[in-house]
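To start, the structure itself, in structure tokens.
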Amino acid sequence: MGLPAGDAAKGAKVFKSRAAMCHTKDQGGANGVGPNLWGIVGRDAATIEGFAYSPCMKASGVTWTEEKLDVYLENPKKMLPATKMAFAGLKKPADRANIIEFLKTLA
């Protein structure tokens with residue numbers, strides 16, 4: 001089935017309202033409550049230097065493809081029950097498509 005086409009500009013707004021309080025997005029940016037998300041699309045999980053990932057994230061073996069990001073962003077605790085990420089998720093497919101499109105620009 002897949003996601004609808006995303007819009008990076010709309011995704012930037014979703015990022016600002018739903019993710020920016022915990023994650024930075026700039027190349028070389030500091031980690032916050034969550035890891036820096038520069039280059040997240042295509043990156044292996046738990047690979048940002050200096051961030052204290054949960055054991056389940058370290059052991060996940062996940063590569064952050066668009067498909068994996070969609071599943072995770074819909075409900076992080078469903079995908080990785082012991083994740084430290086205290087985020088309920090983005091229930092609307094359009095919000096997920098938009099933020100993933102925005103995350104793709106961070107490279």
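Chain identifiers are assigned as A, B, and so on, following the order in which chains appear in the structure tokens; residues are numbered from 1 within each chain, and ligands are numbered from 1 in order of appearance.
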**Report entry** Exercise: Ala19 of chain A partners within 10 Å, only C-alpha atoms, chain neighbours under 6 positions left out, as number ranges by chain
**Finding:** A: 12-13, 25, 34, 37, 87, 99
Report task. Name all residues at most 12 Å from Cys56 of chain A (count only C-alpha atoms; drop same-chain ones fewer than 3 positions away) and give them as a VMD selection string. Result -> chain A and resid 45 to 46 52 to 53 59 to 62 76 to 77 79 to 85
Query - Minimum-distance residue to Gly50 of chain A, chosen among A:Thr65, A:Lys104, A:Asp70, A:Gly29 (using only C-alpha atoms) - result: A:Gly29
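Near Ile100 of chain A, within a cut-off of 9 Å and counting only C-alpha atoms, sit the residues A:Gly6, A:Asp7, A:Ala8, A:Gly11, A:Val41, A:Glu66, A:Leu69, A:Asp70, A:Asp95, A:Thr105, with same-chain residues fewer than 5 positions away left out.
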Query raised in the report: Which distance in Å separates atom CA of Phe51 of chain A and atom CA of Trp38 of chain A, to one decimal?
Result: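 Atom CA of Phe51 of chain A sits 13.7 Å away from atom CA of Trp38 of chain A.
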**Report entry** Contact residues around Pro35 of chain A with only C-alpha atoms at 8 Å, ignoring same-chain residues under 6 positions, as a list in words
**Finding:** Cys22, His23, Thr24, Ile48 and Phe51 of chain A
Query raised in the report: When DSSP works through the backbone of this structure, what residues of chain A end up as helix (DSSP H, G or I), shown as a PyMOL selection string?
Result: chain A and resi 8-18+55-58+66-74+76-79+93-104
Report task. Would you please work out which residue, of A:Glu49, A:Asp26, A:Asp44, A:Glu74, is nearest to Arg96 of chain A when using only C-alpha atoms? Result -> A:Glu74
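With atom CA of Pro93 of chain A on one side and atom CA of Lys10 of chain A on the other, the separation reads 12.8 Å.
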Report task. Pick out the residues sitting within 6 Å of Asn75 of chain A, and hand them over as a list of chain:residue names; count only C-alpha atoms, and ignore anything fewer than 3 positions along from it in its own chain. Result ->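 Returned residues: A:Tyr72, A:Lys78, A:Gly89.
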Query - Point-to-point distance in Å for atom CA of Ala9 of chain A and atom CA of Thr63 of chain A - result: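 We find that atom CA of Thr63 of chain A and atom CA of Ala9 of chain A lie 24.4 Å from each other.
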Query raised in the report: For Leu3 of chain A, which residue among A:Lys58, A:Lys91, A:Leu103, A:Glu67 is the nearest when counting only C-alpha atoms?
Result: A:Glu67
